[in-house]
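Visitor: Sharing structure.txt here; it has compact mmCIF, C-alpha atoms.
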# COMPACT_ATOMS: atom_id res chain seq x y z
CA MET R 288 92.57 -146.59 276.47
CA SER R 289 90.83 -143.61 274.87
CA GLU R 290 92.35 -140.15 274.57
CA THR R 291 90.83 -139.28 277.94
CA GLY R 292 92.44 -142.31 279.57
CA VAL R 293 89.22 -144.23 280.23
CA VAL R 294 88.75 -147.85 279.34
CA ALA R 295 87.13 -148.08 275.90
CA SER R 296 85.95 -151.69 276.19
CA PRO R 297 84.78 -152.41 279.75
CA SER R 298 85.10 -155.98 281.01
CA ARG R 299 81.85 -157.82 281.57
CA GLU R 300 83.36 -160.70 283.54
CA ALA R 301 84.15 -159.16 286.92
CA SER R 302 80.68 -159.13 288.48
CA PRO R 303 78.21 -161.93 287.63
CA LEU R 304 74.60 -160.81 287.47
CA ARG R 305 72.32 -161.75 290.35
CA TYR R 306 68.54 -162.21 290.36
CA ASP R 307 68.01 -163.39 293.93
CA TRP R 308 68.32 -160.11 295.82
CA GLU R 309 66.63 -160.13 299.23
CA LYS R 310 64.83 -156.99 300.34
CA SER R 311 67.15 -156.69 303.35
CA GLU R 312 70.18 -156.71 301.01
CA VAL R 313 68.70 -154.00 298.82
CA GLN R 314 67.87 -151.90 301.87
CA ALA R 315 71.42 -152.25 303.20
CA ILE R 316 72.80 -151.02 299.86
CA TYR R 317 70.32 -148.14 299.66
CA GLU R 318 71.21 -146.98 303.19
CA THR R 319 74.98 -147.09 302.66
CA ALA R 320 76.75 -143.81 303.41
CA LEU R 321 76.37 -141.77 300.24
CA PRO R 322 80.09 -141.35 299.37
CA GLU R 323 80.62 -145.10 299.73
CA LEU R 324 77.41 -145.88 297.83
CA VAL R 325 78.37 -143.67 294.89
CA TYR R 326 81.92 -145.08 294.87
CA ARG R 327 80.62 -148.64 294.77
CA ALA R 328 78.09 -147.81 292.05
CA GLN R 329 80.70 -146.03 289.92
CA SER R 330 83.11 -148.95 290.34
CA THR R 331 80.39 -151.37 289.22
CA HIS R 332 79.44 -149.07 286.35
CA ARG R 333 82.99 -149.13 284.98
CA GLU R 334 82.98 -152.93 284.78
CA PHE R 335 80.11 -152.88 282.30
CA HIS R 336 80.01 -149.44 280.67
CA ALA R 337 82.33 -146.70 279.45
CA PRO R 338 82.18 -144.03 282.19
CA ASP R 339 82.29 -141.08 279.79
CA GLN R 340 79.40 -142.16 277.53
CA VAL R 341 75.71 -141.35 277.82
CA GLN R 342 72.86 -142.34 275.51
CA THR R 343 70.51 -139.58 274.45
CA CYS R 344 66.89 -140.61 273.87
CA GLN R 345 63.87 -138.63 272.76
CA LEU R 346 60.32 -139.25 273.94
CA ILE R 347 57.33 -138.22 271.85
CA SER R 348 53.64 -138.45 272.73
CA ILE R 349 51.92 -140.07 269.75
CA LYS R 350 48.47 -139.97 271.39
CA THR R 351 47.81 -137.54 274.23
CA GLY R 352 45.23 -137.39 277.02
CA GLY R 353 41.95 -139.15 277.69
CA CYS R 354 43.48 -142.21 279.33
CA PRO R 355 40.93 -144.23 281.36
CA GLU R 356 43.54 -145.15 284.00
CA ASP R 357 43.58 -143.19 287.27
CA CYS R 358 47.34 -143.03 287.90
CA ALA R 359 47.58 -140.27 290.52
CA TYR R 360 50.71 -138.76 288.98
CA CYS R 361 49.49 -138.51 285.40
CA PRO R 362 47.98 -135.38 283.82
CA GLN R 363 46.82 -137.49 280.86
CA SER R 364 44.25 -139.34 282.97
CA ALA R 365 40.62 -138.67 282.01
CA HIS R 366 39.83 -138.72 285.75
CA TYR R 367 41.55 -135.37 286.41
CA GLU R 368 41.21 -131.77 285.25
CA ALA R 369 44.83 -131.13 284.28
CA ASP R 370 45.73 -128.62 281.61
CA VAL R 371 46.52 -131.19 278.93
CA GLU R 372 44.99 -130.89 275.49
CA ARG R 373 43.73 -134.17 274.11
CA GLN R 374 45.28 -135.19 270.81
CA GLY R 375 44.46 -138.18 268.65
CA LEU R 376 47.03 -140.56 267.21
CA LEU R 377 49.65 -138.70 265.21
CA ASP R 378 50.24 -139.31 261.53
CA PRO R 379 53.05 -141.86 261.08
CA GLN R 380 54.97 -139.63 258.66
CA HIS R 381 55.02 -136.80 261.23
CA VAL R 382 56.56 -139.15 263.78
CA ILE R 383 59.14 -140.36 261.26
CA ASN R 384 60.05 -136.73 260.49
CA VAL R 385 60.54 -136.07 264.22
CA ALA R 386 62.82 -139.11 264.31
CA LYS R 387 64.86 -137.84 261.35
CA ASP R 388 65.37 -134.51 263.12
CA ALA R 389 66.41 -136.35 266.29
CA VAL R 390 68.96 -138.41 264.35
CA SER R 391 70.50 -135.19 263.00
CA ARG R 392 71.09 -134.11 266.63
CA GLY R 393 72.78 -137.35 267.61
CA VAL R 394 69.79 -138.96 269.31
CA THR R 395 69.99 -142.76 269.03
CA ARG R 396 66.71 -143.92 270.59
CA LEU R 397 63.14 -142.72 269.99
CA CYS R 398 60.47 -143.59 272.52
CA MET R 399 56.82 -143.29 271.49
CA GLY R 400 54.15 -143.03 274.18
CA ALA R 401 50.38 -143.28 273.81
CA ALA R 402 47.83 -142.59 276.55
CA TRP R 403 45.99 -145.91 276.32
CA ARG R 404 45.07 -148.40 279.02
CA GLU R 405 45.94 -151.11 276.53
CA ALA R 406 47.17 -151.10 272.96
CA PRO R 407 44.16 -151.04 270.59
CA ARG R 408 43.66 -153.42 267.73
CA GLY R 409 42.89 -152.58 264.14
CA ARG R 410 43.63 -149.36 262.29
CA GLU R 411 45.29 -147.46 265.14
CA PHE R 412 47.66 -150.31 265.91
CA GLU R 413 48.54 -150.58 262.22
CA LYS R 414 49.54 -146.90 262.32
CA VAL R 415 51.80 -147.59 265.30
CA LEU R 416 53.42 -150.44 263.36
CA GLN R 417 54.03 -148.00 260.48
CA MET R 418 55.75 -145.63 262.89
CA VAL R 419 57.95 -148.41 264.26
CA ARG R 420 58.96 -149.56 260.78
CA GLY R 421 59.78 -146.01 259.69
CA VAL R 422 61.83 -145.09 262.76
CA SER R 423 63.64 -148.43 262.76
CA SER R 424 64.63 -147.91 259.12
CA LEU R 425 66.61 -144.83 260.22
CA GLY R 426 68.93 -147.00 262.31
CA MET R 427 67.48 -145.79 265.60
CA GLU R 428 66.52 -147.88 268.57
CA VAL R 429 62.72 -147.79 268.84
CA CYS R 430 60.80 -148.01 272.11
CA CYS R 431 57.03 -147.87 272.63
CA THR R 432 54.81 -147.49 275.67
CA LEU R 433 51.22 -148.22 274.73
CA GLY R 434 49.76 -149.67 277.91
CA MET R 435 48.98 -153.35 278.35
CA LEU R 436 49.93 -155.56 275.44
CA ALA R 437 48.69 -158.94 274.19
CA GLU R 438 51.19 -161.57 273.09
CA GLU R 439 50.23 -161.34 269.41
CA GLN R 440 50.64 -157.55 269.47
CA ALA R 441 54.11 -157.94 270.96
CA VAL R 442 55.02 -160.30 268.12
CA GLN R 443 53.78 -157.79 265.52
CA LEU R 444 55.80 -154.99 267.11
CA LYS R 445 58.90 -157.20 267.12
CA GLN R 446 58.41 -158.00 263.44
CA ALA R 447 58.05 -154.27 262.68
CA GLY R 448 61.45 -153.60 264.23
CA LEU R 449 60.66 -152.58 267.82
CA THR R 450 63.77 -152.58 270.01
CA ALA R 451 62.18 -152.16 273.44
CA TYR R 452 58.85 -151.88 275.20
CA ASN R 453 58.39 -149.60 278.19
CA HIS R 454 56.03 -150.68 280.95
CA ASN R 455 57.00 -149.27 284.33
CA LEU R 456 56.17 -150.92 287.65
CA ASP R 457 55.99 -147.37 289.08
CA THR R 458 56.48 -148.31 292.74
CA SER R 459 56.49 -151.22 295.19
CA PRO R 460 53.63 -153.76 295.19
CA GLU R 461 52.67 -152.53 298.66
CA PHE R 462 52.27 -148.86 297.67
CA TYR R 463 50.89 -149.48 294.19
CA GLY R 464 47.22 -149.44 295.23
CA SER R 465 47.68 -145.97 296.74
CA ILE R 466 48.40 -144.42 293.33
CA ILE R 467 46.52 -146.64 290.85
CA THR R 468 43.22 -148.47 291.27
CA THR R 469 42.32 -149.24 287.64
CA ARG R 470 45.05 -151.83 287.11
CA ILE R 471 46.76 -154.38 289.34
CA TYR R 472 50.48 -155.06 289.66
CA GLU R 473 50.17 -158.54 288.15
CA GLU R 474 48.78 -157.06 284.93
CA ARG R 475 51.98 -155.06 284.53
CA LEU R 476 54.06 -158.20 285.05
CA LYS R 477 51.92 -160.06 282.49
CA THR R 478 52.67 -157.41 279.84
CA LEU R 479 56.39 -157.64 280.61
CA ALA R 480 56.19 -161.42 280.14
CA ALA R 481 54.50 -160.99 276.73
CA VAL R 482 57.22 -158.56 275.67
CA ARG R 483 59.96 -160.99 276.73
CA LYS R 484 58.28 -163.89 274.97
CA ALA R 485 58.29 -161.91 271.69
CA GLY R 486 62.02 -161.26 271.99
CA ILE R 487 61.73 -157.52 272.66
CA THR R 488 63.95 -155.94 275.29
CA VAL R 489 62.31 -154.53 278.41
CA CYS R 490 62.32 -150.92 279.59
CA CYS R 491 60.96 -150.89 283.13
CA GLY R 492 61.49 -148.56 286.07
CA GLY R 493 59.56 -146.38 288.45
CA ILE R 494 58.76 -142.97 289.91
CA LEU R 495 60.11 -141.43 293.09
CA GLY R 496 58.45 -138.68 295.13
CA MET R 497 54.83 -139.87 295.10
CA GLY R 498 54.58 -140.00 298.88
CA GLU R 499 56.08 -143.46 299.16
CA LYS R 500 58.32 -144.53 302.02
CA GLN R 501 61.95 -145.50 301.66
CA SER R 502 60.84 -149.12 302.03
CA ASP R 503 58.73 -148.68 298.88
CA ARG R 504 61.73 -147.41 296.91
CA VAL R 505 63.65 -150.41 298.14
CA GLY R 506 60.72 -152.68 297.23
CA LEU R 507 60.54 -151.27 293.69
CA LEU R 508 64.27 -151.78 293.15
CA GLN R 509 64.07 -155.33 294.47
CA GLN R 510 61.17 -156.10 292.11
CA LEU R 511 63.18 -154.85 289.14
CA ALA R 512 66.39 -156.63 290.19
CA THR R 513 64.66 -159.99 290.62
CA LEU R 514 63.19 -159.98 287.11
CA ARG R 515 65.10 -162.55 285.06
CA PRO R 516 66.66 -161.23 282.93
CA HIS R 517 66.97 -157.72 284.32
CA PRO R 518 65.29 -154.98 282.29
CA GLU R 519 67.82 -153.81 279.73
CA SER R 520 66.59 -150.27 280.40
CA VAL R 521 65.71 -148.92 283.85
CA PRO R 522 64.24 -145.39 283.83
CA ILE R 523 64.28 -143.66 287.22
CA ASN R 524 61.75 -140.82 287.25
CA MET R 525 61.24 -137.99 289.71
CA LEU R 526 57.60 -137.00 290.12
CA VAL R 527 56.67 -133.91 288.12
CA ARG R 528 53.88 -132.31 290.16
CA VAL R 529 51.10 -131.18 287.82
CA GLU R 530 48.13 -129.05 288.82
CA GLY R 531 44.88 -130.97 288.59
CA THR R 532 46.37 -134.33 289.59
CA PRO R 533 46.06 -135.81 293.10
CA LEU R 534 49.82 -135.50 293.61
CA ALA R 535 50.03 -131.82 292.62
CA SER R 536 50.84 -130.81 296.21
CA ALA R 537 53.15 -133.72 297.05
CA PRO R 538 56.25 -132.56 298.96
CA PRO R 539 59.32 -132.14 296.76
CA LEU R 540 61.73 -135.04 296.65
CA ASP R 541 65.25 -134.61 298.00
CA PRO R 542 67.48 -134.93 294.89
CA LEU R 543 69.85 -137.13 296.87
CA GLU R 544 67.10 -139.76 296.96
CA MET R 545 67.38 -139.89 293.16
CA VAL R 546 71.12 -140.37 293.52
CA ARG R 547 70.61 -143.18 296.04
CA ALA R 548 68.03 -144.94 293.86
CA ILE R 549 70.20 -144.70 290.74
CA ALA R 550 73.29 -145.93 292.58
CA THR R 551 71.37 -148.85 294.05
CA ALA R 552 69.90 -149.72 290.64
CA ARG R 553 73.37 -149.67 289.13
CA ILE R 554 74.72 -152.07 291.76
CA LEU R 555 71.75 -154.42 291.50
CA MET R 556 71.51 -154.40 287.67
CA PRO R 557 75.05 -153.61 286.50
CA ALA R 558 74.58 -154.40 282.80
CA SER R 559 71.37 -152.36 282.37
CA LYS R 560 71.15 -148.82 281.10
CA VAL R 561 69.95 -146.70 284.01
CA ARG R 562 68.06 -143.77 282.56
CA LEU R 563 67.71 -140.43 284.32
CA ALA R 564 64.19 -139.75 283.11
CA ALA R 565 61.31 -137.42 284.05
CA GLY R 566 61.83 -134.64 286.55
CA ARG R 567 65.33 -133.73 285.42
CA LYS R 568 64.34 -130.08 285.01
CA GLN R 569 63.87 -129.99 288.78
CA LEU R 570 67.49 -131.04 289.33
CA SER R 571 70.49 -128.71 289.40
CA PRO R 572 73.45 -129.45 287.08
CA GLU R 573 75.33 -130.60 290.17
CA ALA R 574 72.57 -133.06 291.10
CA VAL R 575 72.49 -134.43 287.53
CA THR R 576 76.27 -134.83 287.69
CA LEU R 577 75.91 -136.83 290.90
CA CYS R 578 73.37 -139.04 289.13
CA PHE R 579 75.92 -139.72 286.39
CA LEU R 580 78.54 -140.53 289.03
CA ALA R 581 76.02 -142.90 290.60
CA GLY R 582 75.71 -144.86 287.36
CA ALA R 583 73.09 -143.18 285.18
CA ASN R 584 74.16 -143.47 281.56
CA SER R 585 71.17 -142.18 279.63
CA ILE R 586 69.02 -139.06 279.53
CA PHE R 587 65.95 -137.99 277.61
CA VAL R 588 66.33 -134.91 275.44
CA GLY R 589 63.75 -132.64 273.85
CA GLU R 590 61.60 -129.86 275.27
CA LYS R 591 58.95 -132.24 276.64
CA LEU R 592 58.67 -135.73 278.09
CA LEU R 593 55.18 -136.56 276.83
CA THR R 594 53.46 -133.56 278.47
CA THR R 595 55.91 -132.38 281.15
CA PRO R 596 58.84 -129.95 280.68
CA ASN R 597 62.41 -131.07 280.09
CA PRO R 598 65.71 -129.14 279.88
CA GLY R 599 66.39 -127.53 276.51
CA VAL R 600 68.76 -128.99 273.91
CA ASP R 601 71.34 -126.27 274.53
CA GLU R 602 71.31 -126.93 278.29
CA ASP R 603 71.93 -130.65 277.74
CA GLU R 604 74.68 -130.11 275.22
CA GLN R 605 76.39 -127.60 277.52
CA LEU R 606 76.25 -129.91 280.53
CA LEU R 607 77.58 -132.94 278.65
CA GLN R 608 80.33 -130.81 277.13
CA THR R 609 81.25 -129.39 280.54
CA LEU R 610 81.45 -132.89 281.99
CA GLY R 611 83.40 -134.21 279.01
CA MET R 612 80.80 -136.89 278.34
CA LYS R 613 80.17 -138.30 274.88
CA PRO R 614 76.98 -139.50 273.20
CA LEU R 615 76.64 -143.26 272.88
CA GLU R 616 76.36 -144.54 269.34
CA SER R 617 73.29 -146.53 268.39
CA HIS R 618 73.48 -150.31 268.34
CA ALA R 619 70.05 -150.79 266.78
CA GLY R 620 69.57 -153.59 264.35
Can you present the structure in this file as structure tokens?
Guide:
Amino acid sequence: MSETGVVASPSREASPLRYDWEKSEVQAIYETALPELVYRAQSTHREFHAPDQVQTCQLISIKTGGCPEDCAYCPQSAHYEADVERQGLLDPQHVINVAKDAVSRGVTRLCMGAAWREAPRGREFEKVLQMVRGVSSLGMEVCCTLGMLAEEQAVQLKQAGLTAYNHNLDTSPEFYGSIITTRIYEERLKTLAAVRKAGITVCCGGILGMGEKQSDRVGLLQQLATLRPHPESVPINMLVRVEGTPLASAPPLDPLEMVRAIATARILMPASKVRLAAGRKQLSPEAVTLCFLAGANSIFVGEKLLTTPNPGVDEDEQLLQTLGMKPLESHAG
């Protein structure tokens, strides 16, 4: 027991992991009465994770704008006139300095995102490898999201010290074509397979609030929960509506849908870190607290998530302090 009376070393034996979830099962969980759903998710959470710990991650855009993809939610797409200034690949030392500053604030994971359809070869990729080596040397977990990835590139990233690769499925296979036409679902799965083959952990989640139906949220969660193994990291994002993108006028998402999705993800993938990701600035402290109760155990800190706003450092520290939650120590390396 810790000083607060919570279990310090959760048991991992109580609930075996499943990979054969049927869509009807996932839907039944998602539609459970909210108090019961949150109770079940929190109970599952405590079997695999300390309930008073949360990992803080920082996301930095290492190459901004000009992406040839047409993802309807993304202000970095070259197809739309969003107010995003294009920026070439950052200098590796600048990124390493950002990481050092993050470490001084207790951040244990740095995620680096580049607006590419697929990771380039040659000089630019070498710079990314430099960044990974430098950040990894600080003892941080290192995650990259660079678009589609070839097997040999995944191997190089692994050798450089990459901890995880982010490649979201975004939504269900059925709704996918409504938000992206420049890439097919199977290409995303192929990149995930290359990452797995290289021995890198997978960060894979989706976005809620893009006009999808509840059945699409259920379909996304089923897709994630039937990956074998489960993604070690499952970011659940709320759409950030940005002027200039096709989804700028999408109706706002009910925050309780975020709670339901997080709780369902926790039940389906009990050992994974469920990350409360983009859109958190649109949530009240009470809604964020409900997300933690539902099984979220990671947040992204910093003023921006790539190009969209995020709560300030002081706000995050105050909320975690108020809730009595502690930062998770890094297990990199």
Visitor: Nearest to Glu530 in chain R among R:Phe587, R:Tyr326, R:Tyr360, R:Tyr317, with distances taken over only C-alpha atoms: which residue is it?
Guide: R:Tyr360
Visitor: Nearest to Gln417 in chain R: which of R:Gly400, R:Pro542, R:Pro379, R:Pro522 is it, counting all atoms listed in the file?
Guide: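 Using all atoms listed in the file, Gln417 in chain R sits closest to R:Pro379.
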Visitor: Give me, please, the distance in Å between CA of His366 in chain R and CA of Arg528 in chain R, quoted to one decimal.
Guide: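 Computed distance, CA of His366 in chain R to CA of Arg528 in chain R, equals 16.1 Å.
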Visitor: Need the shell around range 336-351 of chain R: protein/DNA/RNA residues with any atom at most 6 Å away, counting only C-alpha atoms. Skip same-chain ones fewer than 3 positions apart. Format as a PyMOL selection string?
Guide: chain R and resi 297+332-333+373-377+394+396-402+584-588+592-593+612-615
Visitor: Mind pulling up the distance from CA of Leu526 in chain R to CA of Cys361 in chain R?
Guide: 9.5 Å
Visitor: From the options R:Glu405, R:Asp503, R:Ser536, R:Asn524, which residue's atoms come nearest to Glu474 in chain R, counting all atoms listed in the file?
Guide: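 So, comparing all the options, the nearest one is R:Glu405.
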Visitor: So that I can check the surroundings of Ala550 in chain R, please list as a PyMOL selection string every protein, DNA and RNA residue that reaches within 10 Å of it, counting all atoms listed in the file and ignoring chain neighbours fewer than 5 positions away.
Guide: chain R and resi 316-317+321+324-329+331-332+544-545+555-557+561+577-583
Visitor: Neighbours of Met418 in chain R within 10 Å (only C-alpha atoms; same-chain residues fewer than 6 positions away dropped), as a ChimeraX atom specification?
Guide: /R:349,377-383,386,399,412,424,429,447-449
Visitor: Would you mind telling me which residue in R:Ala574, R:Val521, R:Cys358, R:Glu411 lies nearest to Met497 in chain R when using only C-alpha atoms?
Guide: R:Cys358
Visitor: Mind pulling up the distance from CA of Gln443 in chain R to CA of Ser364 in chain R?
Guide: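 Distance between the two atoms: 27.1 Å.
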Visitor: With only C-alpha atoms as the basis for distance, which of R:Ala548, R:Glu573, R:Ala565, R:Val422 is at the shortest distance from Ala389 in chain R?
Guide: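 Selected residue with least distance to Ala389 in chain R: R:Val422.
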Visitor: So which one's closest to Phe335 in chain R, R:Glu439, R:Ser520, R:Pro303, R:Cys431? Using only C-alpha atoms, please.
Guide: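 The closest residue to Phe335 in chain R is R:Pro303.
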Visitor: Quick one: everything within 8 Å of Glu368 in chain R, counting all atoms listed in the file, minus sequence neighbours fewer than 6 positions away in the same chain. Send it as a PDB file with C-alpha atoms, in the coordinates of the input.
Guide:
ATOM      1  CA  PRO R 362      47.980-135.380 283.820  1.00  0.00           C
ATOM      2  CA  GLY R 531      44.880-130.970 288.590  1.00  0.00           C
ATOM      3  CA  THR R 532      46.370-134.330 289.590  1.00  0.00           C
TER       4      THR R 532
END
